[in-house]
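What follows is start_9.csv (CSV, C-alpha atoms).
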```
chain,number,residue,atom,x,y,z
A,18,MET,CA,101.0,41.3,71.8
A,19,PRO,CA,103.6,41.9,74.5
A,20,GLU,CA,103.4,39.6,77.5
A,21,LEU,CA,103.4,40.7,81.2
A,22,ASN,CA,106.4,39.4,83.2
A,23,THR,CA,108.8,39.5,80.3
A,24,ALA,CA,111.7,41.9,79.6
A,25,VAL,CA,114.5,42.4,77.2
A,26,VAL,CA,117.5,44.2,78.7
A,27,MET,CA,120.4,45.5,76.6
A,28,THR,CA,123.8,46.3,77.9
A,29,PRO,CA,126.8,47.0,75.6
A,30,ASP,CA,130.0,46.4,77.6
A,31,HIS,CA,132.6,47.9,75.2
A,32,VAL,CA,135.3,45.6,76.4
A,33,ILE,CA,137.3,45.8,73.2
A,34,THR,CA,137.0,49.6,72.8
A,35,PRO,CA,137.1,50.6,76.5
A,36,ASP,CA,134.3,52.9,77.5
A,37,PRO,CA,134.2,53.5,81.3
A,38,ALA,CA,130.7,55.1,81.2
A,39,LEU,CA,129.0,52.1,79.6
A,40,GLN,CA,131.0,49.7,81.7
A,41,MET,CA,129.7,51.5,84.8
A,42,ALA,CA,126.1,51.4,83.7
A,43,THR,CA,126.3,47.8,82.5
A,44,TYR,CA,127.8,46.7,85.9
A,45,TRP,CA,124.7,48.0,87.8
A,46,ILE,CA,122.1,46.9,85.2
A,47,THR,CA,123.6,43.4,85.1
A,48,LYS,CA,123.3,43.2,88.9
A,49,THR,CA,119.7,44.3,88.6
A,50,VAL,CA,119.0,41.6,85.9
A,51,LYS,CA,120.0,39.0,88.4
A,52,LYS,CA,117.4,40.4,90.9
A,53,MET,CA,114.8,40.5,88.1
A,54,ASN,CA,115.4,36.8,87.3
A,55,LEU,CA,115.3,35.8,91.0
A,56,LYS,CA,111.9,37.5,91.3
A,57,GLY,CA,110.5,35.5,88.5
A,58,LEU,CA,110.6,38.0,85.6
A,59,GLN,CA,111.5,36.3,82.3
A,60,VAL,CA,114.5,38.4,81.2
A,61,THR,CA,116.4,38.1,78.0
A,62,HIS,CA,119.7,39.9,78.5
A,63,LEU,CA,121.5,41.1,75.4
A,64,ASN,CA,125.0,41.8,76.7
A,65,GLY,CA,128.2,42.9,75.0
A,66,ASP,CA,128.3,42.0,71.3
A,67,LYS,CA,124.6,41.0,71.4
A,68,ALA,CA,123.7,44.6,71.9
A,69,LYS,CA,123.3,45.2,68.2
A,70,LYS,CA,120.4,46.2,66.0
A,71,THR,CA,119.5,42.9,64.3
A,72,GLU,CA,119.8,41.0,67.5
A,73,VAL,CA,117.5,43.4,69.3
A,74,ARG,CA,115.0,43.3,66.4
A,75,ASP,CA,115.0,39.5,66.3
A,76,THR,CA,114.7,39.2,70.1
A,77,LEU,CA,111.9,41.7,70.3
A,78,SER,CA,110.1,39.7,67.6
A,79,MET,CA,110.7,36.4,69.3
A,80,VAL,CA,110.1,37.3,73.0
A,81,ASP,CA,107.7,40.2,72.5
A,82,PRO,CA,108.5,41.7,75.9
A,83,LEU,CA,106.4,44.2,77.8
A,84,LEU,CA,109.5,45.9,79.1
A,85,PHE,CA,112.5,47.0,77.1
A,86,TRP,CA,115.4,48.4,79.2
A,87,GLY,CA,118.6,49.4,77.6
A,88,THR,CA,121.7,51.4,78.2
A,89,GLY,CA,123.9,52.9,75.4
A,90,HIS,CA,125.1,56.2,74.3
A,91,GLY,CA,122.3,58.5,73.2
A,92,LEU,CA,121.6,61.6,71.3
A,93,GLU,CA,118.3,63.5,70.9
A,94,CYS,CA,117.2,61.3,68.0
A,95,LEU,CA,119.0,58.0,68.5
A,96,PHE,CA,120.0,55.3,70.9
A,97,THR,CA,123.0,53.1,70.4
A,98,GLY,CA,124.4,49.7,71.4
A,99,GLN,CA,127.8,48.0,71.1
A,100,ILE,CA,130.2,49.5,68.7
A,101,ARG,CA,132.1,46.5,67.0
A,102,GLY,CA,134.0,48.2,64.3
A,103,MET,CA,134.0,51.1,61.9
A,104,SER,CA,132.5,49.6,58.7
A,105,ALA,CA,129.2,50.9,57.5
A,106,GLU,CA,127.6,47.7,58.5
A,107,ASP,CA,129.0,47.9,62.0
A,108,LEU,CA,127.8,51.4,62.4
A,109,SER,CA,124.3,50.5,61.2
A,110,GLU,CA,124.2,47.8,63.8
A,111,TRP,CA,125.4,50.3,66.4
A,112,VAL,CA,122.3,52.4,66.2
A,113,ILE,CA,119.5,50.5,67.9
A,114,LEU,CA,116.7,53.0,67.8
A,115,SER,CA,116.2,56.2,65.8
A,116,SER,CA,113.4,58.7,65.3
A,117,VAL,CA,114.8,59.8,61.9
A,118,THR,CA,115.6,58.2,58.6
A,119,SER,CA,118.8,59.7,57.4
A,120,SER,CA,122.3,59.3,56.2
A,121,VAL,CA,124.9,59.9,59.0
A,122,GLU,CA,128.5,60.9,58.7
A,123,PHE,CA,130.7,59.5,61.4
A,124,GLY,CA,134.4,60.3,61.1
A,125,ASP,CA,135.2,59.5,57.5
A,126,LYS,CA,132.4,56.9,57.2
A,127,THR,CA,128.8,57.3,56.0
A,128,PHE,CA,126.0,55.0,57.1
A,129,SER,CA,122.3,55.1,57.0
A,130,ILE,CA,119.7,54.9,59.8
A,131,THR,CA,116.1,54.2,59.6
A,132,ALA,CA,113.4,55.5,61.9
A,133,ASN,CA,112.0,52.6,64.0
A,134,PRO,CA,110.3,53.9,67.1
A,135,ASP,CA,107.4,51.5,66.2
A,136,TRP,CA,109.7,48.6,67.5
A,137,MET,CA,108.5,49.8,71.0
A,138,GLU,CA,104.8,49.7,70.3
A,139,GLY,CA,102.9,48.2,73.2
A,140,ARG,CA,105.9,48.2,75.5
A,141,VAL,CA,107.2,50.0,78.5
A,142,VAL,CA,110.6,51.5,77.5
A,143,HIS,CA,113.4,52.7,79.7
A,144,LEU,CA,116.5,54.1,78.1
A,145,THR,CA,119.4,54.7,80.5
A,146,SER,CA,121.1,57.0,78.1
A,147,CYS,CA,121.7,60.7,77.4
A,148,LEU,CA,119.2,63.0,75.7
A,149,THR,CA,116.8,60.6,74.1
A,150,ALA,CA,113.8,62.2,75.9
A,151,VAL,CA,114.3,65.3,73.6
A,152,GLU,CA,113.1,63.6,70.4
A,153,LEU,CA,113.4,59.8,70.3
A,154,GLY,CA,111.3,59.4,73.5
A,155,VAL,CA,108.5,61.5,72.1
A,156,ALA,CA,108.6,59.5,68.8
A,157,ILE,CA,108.5,56.2,70.8
A,158,ALA,CA,105.5,57.3,72.8
A,159,ASP,CA,103.8,58.6,69.6
A,160,ALA,CA,104.4,55.2,67.9
A,161,GLY,CA,102.3,53.5,70.6
A,162,ALA,CA,104.7,52.6,73.4
A,163,LEU,CA,102.7,52.3,76.7
A,164,ALA,CA,105.3,54.4,78.5
A,165,TYR,CA,108.7,55.8,77.8
A,166,ILE,CA,111.2,56.7,80.6
A,167,GLY,CA,114.4,58.5,79.7
A,168,TYR,CA,116.5,61.6,80.1
A,169,ASN,CA,116.5,65.0,78.3
A,170,ARG,CA,120.1,65.9,79.3
A,171,LEU,CA,123.4,64.1,79.6
A,172,PHE,CA,123.0,61.2,82.0
A,173,ILE,CA,125.9,61.3,84.5
A,174,VAL,CA,127.1,57.8,85.5
A,175,GLY,CA,130.5,58.2,87.0
A,176,PHE,CA,132.8,60.6,88.9
A,177,MET,CA,136.5,61.0,88.3
A,178,GLU,CA,138.4,57.7,88.1
A,179,HIS,CA,136.2,55.8,90.6
A,180,PRO,CA,135.3,52.2,89.5
A,181,PRO,CA,131.8,50.9,88.7
A,182,GLU,CA,131.4,49.3,92.1
A,183,SER,CA,132.2,52.5,94.0
A,184,ARG,CA,129.7,54.5,96.0
A,185,TYR,CA,130.2,57.3,93.4
A,186,THR,CA,128.8,55.3,90.5
A,187,GLN,CA,126.3,53.5,92.7
A,188,SER,CA,124.7,56.8,93.7
A,189,PHE,CA,124.2,57.8,90.1
A,190,MET,CA,122.9,54.4,89.0
A,191,GLU,CA,120.7,53.4,91.9
A,192,PRO,CA,118.0,56.0,91.3
A,193,ASP,CA,117.8,54.7,87.7
A,194,ILE,CA,117.7,51.0,88.5
A,195,GLN,CA,115.1,51.7,91.2
A,196,ILE,CA,112.7,52.1,88.3
A,197,GLU,CA,113.0,48.4,87.4
A,198,LEU,CA,113.1,47.3,91.0
A,199,THR,CA,109.8,49.1,91.6
A,200,LEU,CA,108.1,47.8,88.4
A,201,LEU,CA,109.3,44.4,89.5
A,202,ASP,CA,107.2,44.6,92.6
A,203,GLY,CA,104.1,45.1,90.5
A,204,LYS,CA,103.9,48.9,91.0
A,205,SER,CA,103.1,51.4,88.3
A,206,VAL,CA,105.4,53.5,86.2
A,207,LYS,CA,104.4,56.5,88.3
A,208,ASP,CA,105.3,54.7,91.5
A,209,ALA,CA,108.6,53.8,89.9
A,210,ILE,CA,109.4,57.4,89.2
A,211,TRP,CA,108.5,58.4,92.7
A,212,ALA,CA,110.7,55.6,94.1
A,213,SER,CA,113.5,56.8,91.8
A,214,ASP,CA,113.2,60.3,93.1
A,215,PHE,CA,113.2,59.1,96.7
A,216,ARG,CA,116.4,57.1,96.0
A,217,SER,CA,118.0,60.2,94.6
A,218,ASP,CA,117.1,62.1,97.8
A,219,ASP,CA,118.5,59.3,99.9
A,220,TRP,CA,121.8,59.6,98.1
A,221,ILE,CA,121.8,63.4,98.3
A,222,GLU,CA,121.4,63.1,102.1
A,223,TYR,CA,124.1,60.4,102.2
A,224,TRP,CA,126.6,62.7,100.5
A,225,ARG,CA,125.6,65.8,102.5
A,226,ARG,CA,126.4,63.9,105.7
A,227,SER,CA,129.5,62.1,104.4
A,228,GLY,CA,132.2,64.7,105.0
A,229,ASP,CA,133.5,63.6,101.6
A,230,PRO,CA,135.4,66.5,99.9
A,231,ASN,CA,133.5,65.8,96.7
A,232,ALA,CA,130.1,65.7,98.3
A,233,ASP,CA,129.0,68.9,96.5
A,234,ALA,CA,130.0,67.5,93.0
A,235,MET,CA,128.1,64.3,93.8
A,236,ILE,CA,124.9,66.0,94.9
A,237,LYS,CA,125.0,68.2,91.8
A,238,GLY,CA,125.3,65.1,89.6
A,239,ILE,CA,122.4,63.4,91.3
A,240,ILE,CA,120.2,66.5,91.0
A,241,TRP,CA,121.2,66.8,87.4
A,242,ASN,CA,120.0,63.2,86.6
A,243,LYS,CA,116.9,63.6,88.7
A,244,VAL,CA,115.6,66.8,87.0
A,245,SER,CA,116.4,65.3,83.6
A,246,ARG,CA,114.3,62.2,84.0
A,247,LEU,CA,111.1,62.3,82.0
A,248,VAL,CA,108.1,60.0,81.3
A,249,PHE,CA,105.8,60.0,78.3
A,250,GLY,CA,102.7,57.8,78.0
A,251,ASP,CA,100.6,56.2,80.6
A,252,GLU,CA,102.1,56.4,84.1
A,253,THR,CA,99.5,53.9,85.5
A,254,ILE,CA,101.0,51.0,83.5
A,255,LYS,CA,102.4,48.0,85.4
A,256,ILE,CA,104.6,45.3,83.8
A,257,ARG,CA,103.6,42.4,86.1
A,258,PHE,CA,100.9,40.9,88.2
A,259,VAL,CA,101.8,40.9,91.9
A,260,PRO,CA,98.7,40.4,94.1
A,261,ASP,CA,100.1,42.3,97.0
A,262,ALA,CA,100.7,45.4,94.9
A,263,LEU,CA,97.3,45.4,93.2
A,264,SER,CA,94.7,48.0,94.0
A,265,PRO,CA,91.2,47.2,95.4
A,266,TRP,CA,89.7,47.0,91.9
A,267,ASN,CA,91.6,43.8,91.3
A,268,VAL,CA,89.2,41.6,93.1
A,269,ALA,CA,89.2,37.8,92.2
A,270,GLY,CA,92.3,38.3,90.1
A,271,VAL,CA,90.4,39.7,87.1
A,272,ALA,CA,91.0,43.3,86.5
A,273,VAL,CA,91.8,46.1,84.2
A,274,VAL,CA,95.2,47.2,85.3
A,275,GLY,CA,95.4,50.3,83.2
A,276,THR,CA,94.4,52.0,80.0
A,277,ILE,CA,96.3,54.4,77.8
A,278,GLY,CA,95.3,57.3,75.7
A,279,ILE,CA,97.7,56.6,72.8
A,280,GLY,CA,95.8,54.7,70.1
A,281,GLY,CA,93.3,53.4,72.7
A,282,VAL,CA,95.7,50.7,73.9
A,283,GLY,CA,94.8,48.9,77.0
A,284,ILE,CA,96.2,46.3,79.4
A,285,VAL,CA,94.1,43.6,80.8
A,286,SER,CA,95.4,41.2,83.4
A,287,ARG,CA,94.0,37.7,83.3
A,288,GLU,CA,93.1,35.3,86.1
A,289,GLY,CA,95.9,33.8,88.2
A,290,GLY,CA,98.5,36.4,87.3
A,291,LEU,CA,99.1,35.0,83.8
A,292,ALA,CA,98.3,38.2,82.2
A,293,GLY,CA,98.7,39.6,78.7
A,294,ILE,CA,98.1,42.7,76.8
A,295,GLY,CA,95.1,43.3,74.7
A,296,LYS,CA,94.8,46.1,72.1
B,17,MET,CA,116.6,84.6,113.3
B,18,THR,CA,119.6,84.1,115.6
B,19,VAL,CA,123.2,83.7,114.9
B,20,GLU,CA,122.9,80.3,116.5
B,21,LYS,CA,120.5,79.2,113.8
B,22,LEU,CA,122.8,80.5,111.2
B,23,GLU,CA,125.6,78.5,112.8
B,24,ARG,CA,123.4,75.3,112.9
B,25,TRP,CA,122.7,75.8,109.2
B,26,PHE,CA,126.4,76.3,108.5
B,27,ASN,CA,127.2,73.0,110.1
B,28,LEU,CA,124.6,71.2,108.0
B,29,LEU,CA,126.3,72.3,104.7
B,30,PRO,CA,128.7,69.9,102.9
B,31,ARG,CA,132.2,71.0,103.9
B,32,ALA,CA,133.2,72.3,100.5
B,33,ASP,CA,130.2,74.6,100.4
B,34,ARG,CA,131.2,76.4,103.5
B,35,ASP,CA,133.8,78.3,101.6
B,36,LEU,CA,132.1,78.8,98.2
B,37,PRO,CA,130.2,81.9,97.2
B,38,PHE,CA,126.7,81.8,98.5
B,39,ILE,CA,125.1,85.2,98.7
B,40,VAL,CA,125.5,88.7,97.2
B,41,VAL,CA,125.2,91.5,99.8
B,42,GLU,CA,125.5,95.1,98.6
B,43,GLY,CA,127.4,93.9,95.6
B,44,LYS,CA,129.8,91.8,97.7
B,45,ILE,CA,129.9,88.0,97.3
B,46,LEU,CA,130.0,86.2,100.7
B,47,THR,CA,130.6,82.5,101.5
B,48,PRO,CA,128.7,80.9,104.4
B,49,ARG,CA,131.8,81.1,106.6
B,50,GLU,CA,132.1,84.8,105.9
B,51,MET,CA,128.4,85.4,106.5
B,52,LEU,CA,128.8,83.6,109.9
B,53,GLU,CA,131.9,85.6,110.9
B,54,GLU,CA,130.2,88.9,110.0
B,55,ALA,CA,127.0,87.9,111.8
B,56,ARG,CA,129.0,86.9,114.9
B,57,GLY,CA,130.9,90.2,114.8
B,58,GLY,CA,127.6,92.0,114.6
B,59,THR,CA,128.7,94.1,111.6
B,60,SER,CA,126.2,95.9,109.5
B,61,LEU,CA,127.1,93.6,106.6
B,62,GLY,CA,126.6,90.6,108.8
B,63,LEU,CA,123.2,91.8,110.0
B,64,LEU,CA,122.1,92.5,106.4
B,65,ALA,CA,123.4,89.1,105.2
B,66,GLN,CA,121.6,87.4,108.0
B,67,ARG,CA,118.3,89.2,107.1
B,68,MET,CA,118.7,88.4,103.4
B,69,TRP,CA,119.4,84.7,104.2
B,70,GLU,CA,116.3,84.6,106.3
B,71,THR,CA,114.0,86.1,103.5
B,72,ARG,CA,116.0,85.2,100.4
B,73,SER,CA,114.2,84.7,97.1
B,74,THR,CA,115.0,81.6,95.1
B,75,VAL,CA,116.2,83.6,92.1
B,76,TYR,CA,120.0,83.5,92.0
B,77,GLU,CA,122.1,86.1,90.3
B,78,GLU,CA,124.1,85.0,87.2
B,79,LYS,CA,127.2,86.5,88.7
B,80,LEU,CA,126.9,84.4,91.8
B,81,VAL,CA,126.2,81.2,90.0
B,82,LYS,CA,129.1,81.6,87.5
B,83,GLU,CA,131.5,82.5,90.3
B,84,ARG,CA,130.4,79.4,92.2
B,85,VAL,CA,130.9,77.1,89.2
B,86,LYS,CA,134.3,78.6,88.6
B,87,LYS,CA,135.5,78.2,92.2
B,88,TRP,CA,134.1,74.7,92.4
B,89,LEU,CA,135.8,73.5,89.3
B,90,ALA,CA,139.1,75.1,90.3
B,91,ARG,CA,139.5,72.3,92.9
B,92,TYR,CA,140.0,69.7,90.2
B,93,PRO,CA,142.6,69.1,87.6
B,94,SER,CA,141.3,70.9,84.6
B,95,ASP,CA,141.9,68.2,81.9
B,96,LYS,CA,140.9,65.1,83.8
B,97,PRO,CA,137.4,63.7,83.5
B,98,LEU,CA,135.2,65.0,86.3
B,99,TYR,CA,132.0,63.3,85.2
B,100,TYR,CA,131.4,60.3,82.8
B,101,THR,CA,128.2,60.4,80.8
B,102,ILE,CA,126.3,58.0,78.6
B,103,GLY,CA,126.2,60.4,75.7
B,104,ILE,CA,128.3,60.9,72.6
B,105,LYS,CA,130.2,63.4,74.8
B,106,ARG,CA,131.5,60.7,77.1
B,107,GLN,CA,133.4,62.7,79.6
B,108,LEU,CA,133.2,66.2,81.0
B,109,THR,CA,136.4,67.8,82.3
B,110,PRO,CA,136.4,70.9,84.4
B,111,ARG,CA,137.8,72.9,81.4
B,112,GLN,CA,135.0,71.6,79.1
B,113,ILE,CA,132.4,72.4,81.7
B,114,MET,CA,133.7,76.0,82.1
B,115,GLN,CA,133.8,76.4,78.3
B,116,GLU,CA,130.2,75.3,78.0
B,117,VAL,CA,129.2,77.8,80.7
B,118,GLU,CA,131.2,80.7,79.1
B,119,LYS,CA,129.9,79.9,75.6
B,120,GLN,CA,126.3,79.7,76.9
B,121,THR,CA,125.8,76.4,75.2
B,122,PRO,CA,122.7,74.2,76.1
B,123,ILE,CA,124.9,72.2,78.4
B,124,GLY,CA,126.4,75.4,79.9
B,125,LYS,CA,122.9,76.7,80.6
B,126,GLN,CA,121.9,73.3,82.2
B,127,ILE,CA,125.0,73.5,84.4
B,128,LYS,CA,124.0,76.9,85.7
B,129,GLU,CA,120.4,75.7,86.2
B,130,VAL,CA,121.6,72.8,88.3
B,131,GLU,CA,124.0,75.1,90.2
B,132,ALA,CA,120.9,77.3,91.0
B,133,SER,CA,118.9,74.2,92.1
B,134,TYR,CA,121.8,73.2,94.3
B,135,LEU,CA,121.9,76.7,95.9
B,136,LYS,CA,118.2,76.3,96.6
B,137,TYR,CA,118.8,73.0,98.2
B,138,LEU,CA,121.5,74.5,100.4
B,139,GLU,CA,119.3,77.4,101.3
B,140,GLU,CA,116.4,75.0,102.2
B,141,LEU,CA,118.7,73.2,104.7
B,142,LYS,CA,117.9,76.2,107.0
B,143,LYS,CA,114.5,74.6,107.6
B,144,ARG,CA,116.3,71.8,109.5
B,145,ALA,CA,118.6,74.2,111.4
```

Would you mind writing the file out in structure tokens?
Amino acid sequence: MPELNTAVVMTPDHVITPDPALQMATYWITKTVKKMNLKGLQVTHLNGDKAKKTEVRDTLSMVDPLLFWGTGHGLECLFTGQIRGMSAEDLSEWVILSSVTSSVEFGDKTFSITANPDWMEGRVVHLTSCLTAVELGVAIADAGALAYIGYNRLFIVGFMEHPPESRYTQSFMEPDIQIELTLLDGKSVKDAIWASDFRSDDWIEYWRRSGDPNADAMIKGIIWNKVSRLVFGDETIKIRFVPDALSPWNVAGVAVVGTIGIGGVGIVSREGGLAGIGK
Amino acid sequence: MTVEKLERWFNLLPRADRDLPFIVVEGKILTPREMLEEARGGTSLGLLAQRMWETRSTVYEEKLVKERVKKWLARYPSDKPLYYTIGIKRQLTPRQIMQEVEKQTPIGKQIKEVEASYLKYLEELKKRA
């Protein structure tokens, strides 16, 4: 049973095979992980070469986190981690989540993938990736995830040659990481999406007023990501107990935080903020 | 609606958008700057453009959207990455974006949808003018 206040975050860094897009996303997510730790969330961070399938499987099994947040290249039916080589084994380790069981041709190699959306059962899942909301996100929600957040188009992370720490990358990534920052404050998934949209609007306004010659391209990119962001599952779910953020029904620290239609799953927070999930 | 309001709206636009196609008036594509100049000159085209701007519907013509995308991308080197994405298609160059639009691929259609959303955003700035 996944525990409140726990998260597994996965960030391939692709240092050996340079991949600017993932390095940009990883830079901003890693900064956010530090904030999550400072605020008392128990985060297991699978960075770089740890962003591989068996490591994710074993960590999920050991930590059983309520939140899984990962970045990696995505397609409609799959989500990937660190690519370490081109052997069939390396490629199998590369695909972290899939909604299909299939044999895949990649260049001159063939490798197999196995459908595993059930790995996300009982969790809040956020994939900072392209396209996974088209199929994989639906499969994850159908397999019993409390909520899935992802994108149904390409996710734009960078502009021209600007580095990860630039305002260009920041304005694409901040609306995405705002989801975790909001969940961290004990707010619901729905609140997190609103906050993310507001952050997008803030950046749109920033670029409009900036006088930057690329302002139009930046605003279009931010709009692109904003309209591509989708949620499946229960939007009332929260990942942690923060007394200030709780609604009036949470009197005396004992409360039903939310329930979900998928498979009758429910979350119950226990006294004193040490909450767990009951199914 | 006064010319002054049109001018205030013009000044709210990101600089690059002041000279990109914005509206089709009697078959002619006008930029915001051209609209403003026509309106200031009190020409029939200017008056018509001003009236259309005031009451404009949110459906944007294909011709206008494609022309905007083309002129926008022409500002950048055609084979250098414009956007980086976290997809298997890791980079999008202006040439690739234009090809997606021309071939009407799913990405091309999405680019046009976003351009139309962006036009709507620019149009709605008139509420602040």

Could the residues of chain B within 8 Å of chain A, counting all atoms listed in the file, be given as a list of chain:residue names, please?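 Listing them in order of chain and number gives B:Leu28, B:Leu29, B:Pro30, B:Arg31, B:Ala32, B:Asp33, B:Lys96, B:Pro97, B:Leu98, B:Tyr99, B:Tyr100, B:Thr101, B:Ile102, B:Gly103, B:Ile104, B:Arg106, B:Ile123, B:Val130, B:Glu131, B:Ser133, B:Tyr134.
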
CA of Pro180 (chain A) to CA of Gln99 (chain A): how many Å, to one decimal?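 Separation between CA of Pro180 (chain A) and CA of Gln99 (chain A): 20.3 Å.
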
Sel. within 10 Å of pt (116.3, 60.4, 67.3), counting only C-alpha atoms, output as an MDAnalysis selection string: chainID A and resid 91:96 114:118 130:134 148:157

Pick the closest to Glu118 (chain B) from B:Arg67, B:Arg72, B:Lys82, B:Arg144: which is it, counting all atoms listed in the file?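 Of the candidates, the smallest distance to Glu118 (chain B) is held by B:Lys82.
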
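One distance worth recording is that between CA of Glu78 (chain B) and CA of Lys125 (chain B), which is 10.7 Å.
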
Rounded to one decimal in Å, what is the spacing between CA of Tyr223 (chain A) and CA of Trp211 (chain A)?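 CA of Trp211 (chain A) lies at a distance of 18.4 Å from CA of Tyr223 (chain A).
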
10 Å contact set for Thr49 (chain A), all atoms listed in the file, chain neighbours under 4 positions out, as a ChimeraX atom specification: /A:43-45,53-55,191,194-195,197-198

Taking (108.3, 56.7, 87.5) as a centre in this file's frame and 12 Å as the limit, can you find every polymer residue with an atom that close, using only C-alpha atoms, and give them as a PyMOL selection string? chain A and resi 141-143+164-167+192-200+204-216+243+246-255

I want to know what sits within 7 Å of Leu22 (chain B), based on all atoms listed in the file, with residues of the same chain fewer than 4 positions away left out; could you give that as a count of residues only? 3

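Distance annotation: of B:Ala55, B:Ala90, B:Leu108, B:Val81, the residue with the minimal separation from Lys128 (chain B) is B:Val81; atom set is all atoms listed in the file.
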
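Between Leu163 (chain A) and the candidates A:Gly203, A:Pro29, A:Pro19, A:Gly65, the tightest atom-to-atom separation, counting only C-alpha atoms, involves A:Pro19.
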
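Once region 104-111 of chain A and its same-chain neighbours fewer than 3 positions away are set aside, Lys69, Lys70, Thr71, Thr97, Gly98, Gln99, Ile100, Arg101, Lys126, Thr127, Phe128, Ser129 and Ile130 of chain A remain within 8 Å of it when counting all atoms listed in the file.
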
Please output region 64-82 of chain B, rebuilt to include N, CA and C atoms, as a tab-separated table (two decimals), in the coordinates of the input.
```tsv
chain	number	residue	atom	x	y	z
B	64	LEU	N	122.86	92.47	107.68
B	64	LEU	CA	122.10	92.50	106.40
B	64	LEU	C	122.15	91.12	105.74
B	65	ALA	N	123.30	90.47	105.77
B	65	ALA	CA	123.40	89.10	105.20
B	65	ALA	C	122.47	88.16	105.88
B	66	GLN	N	122.41	88.28	107.19
B	66	GLN	CA	121.60	87.40	108.00
B	66	GLN	C	120.08	87.63	107.62
B	67	ARG	N	119.71	88.90	107.46
B	67	ARG	CA	118.30	89.20	107.10
B	67	ARG	C	118.00	88.69	105.70
B	68	MET	N	118.95	88.88	104.80
B	68	MET	CA	118.70	88.40	103.40
B	68	MET	C	118.61	86.88	103.38
B	69	TRP	N	119.45	86.23	104.13
B	69	TRP	CA	119.40	84.70	104.20
B	69	TRP	C	118.09	84.25	104.68
B	70	GLU	N	117.55	85.01	105.66
B	70	GLU	CA	116.30	84.60	106.30
B	70	GLU	C	115.13	84.74	105.25
B	71	THR	N	115.18	85.77	104.40
B	71	THR	CA	114.00	86.10	103.50
B	71	THR	C	114.35	85.90	102.06
B	72	ARG	N	115.43	85.23	101.77
B	72	ARG	CA	116.00	85.20	100.40
B	72	ARG	C	115.00	84.64	99.38
B	73	SER	N	115.00	85.26	98.20
B	73	SER	CA	114.20	84.70	97.10
B	73	SER	C	114.95	83.58	96.47
B	74	THR	N	114.28	82.78	95.64
B	74	THR	CA	115.00	81.60	95.10
B	74	THR	C	115.57	81.93	93.69
B	75	VAL	N	115.58	83.20	93.32
B	75	VAL	CA	116.20	83.60	92.10
B	75	VAL	C	117.69	83.92	92.38
B	76	TYR	N	118.60	83.25	91.68
B	76	TYR	CA	120.00	83.50	92.00
B	76	TYR	C	120.67	84.26	90.87
B	77	GLU	N	121.49	85.21	91.28
B	77	GLU	CA	122.10	86.10	90.30
B	77	GLU	C	123.13	85.29	89.45
B	78	GLU	N	123.14	85.63	88.17
B	78	GLU	CA	124.10	85.00	87.20
B	78	GLU	C	125.51	85.10	87.69
B	79	LYS	N	125.85	86.28	88.21
B	79	LYS	CA	127.20	86.50	88.70
B	79	LYS	C	127.60	85.52	89.79
B	80	LEU	N	126.69	85.31	90.70
B	80	LEU	CA	126.90	84.40	91.80
B	80	LEU	C	127.08	82.95	91.32
B	81	VAL	N	126.17	82.56	90.45
B	81	VAL	CA	126.20	81.20	90.00
B	81	VAL	C	127.47	80.89	89.19
B	82	LYS	N	127.86	81.82	88.32
B	82	LYS	CA	129.10	81.60	87.50
B	82	LYS	C	130.32	81.56	88.43
```
